[in-house]
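Only one structure is covered here, and it is reproduced in the block below.
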Amino acid sequence: MCCMTVMMYAQQEVTIKAGTLIPFQAVNTVKAADVDEGQKLNFRVARDINVDGVTAIPYGSMVNATVTKAKKSSWWGTRGRLAASITEIVLPDGTVVPIQNANFEIKGKNRTTLSVVLFLFVAIPACCITGSKAEMQAGYEVVGNVASNVKIKVD
């Protein structure tokens, strides 16, 4: 009986294959004006990742994205930009799953043309017109894929 119990709770080793798609979802709403390059953004795995009928990476596992570009909108209609990248998932046991192609960029609306035309023909302080802000809404989805095969132990 004891042997059966030990066998039931033994860990199983599975391999998450390179190329496995993993969807990520933003946890918070983030504005480009409120973050700096290098800052971490919170994401979570958007669904269970199953391998051989076993959940290898559970839904809700937390992941960090690193901000690679953060520019707020400014005068002369310049739009805001927010770019970030997810490069790895660190599992609770410390195993690192490398991720690739999980880069994204969010751009605000560019209003430079409107600003210049108004400045030239209407002569109002059109230089004060700004582009729209770059804002990532909570729930924004990014899909990346596993960069190389990774063996993990699951219960």
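Letters A, B, ... go to the chains of the structure tokens in the order shown; residues in each chain start at 1; ligands are counted from 1 in the same order.
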Extract, using only C-alpha atoms, all DNA, RNA and protein residues at most 8 Å from segment 28-43 of chain A, discarding same-chain residues fewer than 3 positions from it, and format them as a ChimeraX atom specification.
-> /A:24-25,62-73,80-82,133-139
Can you spit out the residues from that selection as a compact mmCIF listing (two decimals), in the first residue's frame, using N, CA and C atoms?
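out-v3.txt, written as the output of this step:
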```txt
# COMPACT_ATOMS: atom_id res chain seq x y z
N PHE A 24 0.34 34.70 -23.41
CA PHE A 24 0.52 35.49 -22.20
C PHE A 24 -0.51 36.60 -22.18
N GLN A 25 -0.86 37.04 -20.99
CA GLN A 25 -1.89 38.07 -20.82
C GLN A 25 -1.39 39.11 -19.81
N MET A 62 2.97 33.41 -13.25
CA MET A 62 3.41 34.78 -13.45
C MET A 62 4.70 34.84 -14.27
N VAL A 63 4.78 35.84 -15.14
CA VAL A 63 5.91 36.04 -16.04
C VAL A 63 6.20 37.54 -16.09
N ASN A 64 7.45 37.90 -16.26
CA ASN A 64 7.82 39.30 -16.41
C ASN A 64 8.18 39.61 -17.85
N ALA A 65 7.71 40.77 -18.32
CA ALA A 65 8.14 41.31 -19.61
C ALA A 65 9.04 42.50 -19.29
N THR A 66 10.09 42.68 -20.06
CA THR A 66 11.00 43.80 -19.86
C THR A 66 10.70 44.88 -20.89
N VAL A 67 10.51 46.11 -20.41
CA VAL A 67 10.21 47.24 -21.30
C VAL A 67 11.47 47.56 -22.11
N THR A 68 11.33 47.57 -23.44
CA THR A 68 12.46 47.88 -24.32
C THR A 68 12.35 49.29 -24.90
N LYS A 69 11.14 49.85 -24.89
CA LYS A 69 10.93 51.22 -25.37
C LYS A 69 9.75 51.82 -24.62
N ALA A 70 9.92 53.03 -24.13
CA ALA A 70 8.83 53.73 -23.45
C ALA A 70 8.96 55.22 -23.76
N LYS A 71 8.11 55.69 -24.67
CA LYS A 71 8.14 57.10 -25.05
C LYS A 71 6.73 57.65 -24.93
N LYS A 72 6.60 58.71 -24.16
CA LYS A 72 5.29 59.32 -24.02
C LYS A 72 5.02 60.22 -25.22
N SER A 73 3.75 60.47 -25.48
CA SER A 73 3.39 61.37 -26.57
C SER A 73 3.89 62.76 -26.23
N GLY A 80 2.86 58.27 -28.64
CA GLY A 80 3.54 57.49 -27.62
C GLY A 80 3.85 56.10 -28.15
N ARG A 81 4.85 55.46 -27.53
CA ARG A 81 5.23 54.09 -27.92
C ARG A 81 5.61 53.30 -26.68
N LEU A 82 5.17 52.07 -26.65
CA LEU A 82 5.50 51.15 -25.56
C LEU A 82 5.84 49.81 -26.18
N LYS A 133 -1.58 58.73 -26.49
CA LYS A 133 -0.72 57.97 -25.58
C LYS A 133 -0.68 56.49 -25.97
N ALA A 134 0.44 55.85 -25.71
CA ALA A 134 0.55 54.40 -25.90
C ALA A 134 0.15 53.76 -24.58
N GLU A 135 -0.88 52.93 -24.63
CA GLU A 135 -1.40 52.31 -23.42
C GLU A 135 -1.72 50.85 -23.68
N MET A 136 -1.17 49.99 -22.85
CA MET A 136 -1.46 48.56 -22.91
C MET A 136 -2.54 48.26 -21.87
N GLN A 137 -3.67 47.78 -22.32
CA GLN A 137 -4.78 47.46 -21.42
C GLN A 137 -4.53 46.13 -20.71
N ALA A 138 -5.05 46.03 -19.49
CA ALA A 138 -5.02 44.75 -18.78
C ALA A 138 -5.73 43.72 -19.65
N GLY A 139 -5.18 42.54 -19.77
CA GLY A 139 -5.76 41.51 -20.62
C GLY A 139 -5.16 41.46 -22.01
```
Hey, which of A:Val54, A:Val146, A:Val154, A:Ala83 ends up closest to Lys107 of chain A? Count only C-alpha atoms.
->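 Of all the options, A:Ala83 lies closest to Lys107 of chain A.
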Residue neighbourhood Val14 of chain A, 9 Å, only C-alpha atoms, exclusion window fewer than 4 positions, as a list in words |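 Here the answer would be Val51, Asp52, Val54, Ala56, Val150, Lys151, Ile152, Lys153 and Val154 of chain A.
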Could you check how far atom CA of Ile99 of chain A sits from atom CA of Val142 of chain A, in Å to one decimal?
->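 Taking atom CA of Ile99 of chain A as the start and atom CA of Val142 of chain A as the end point, the length is 11.7 Å.
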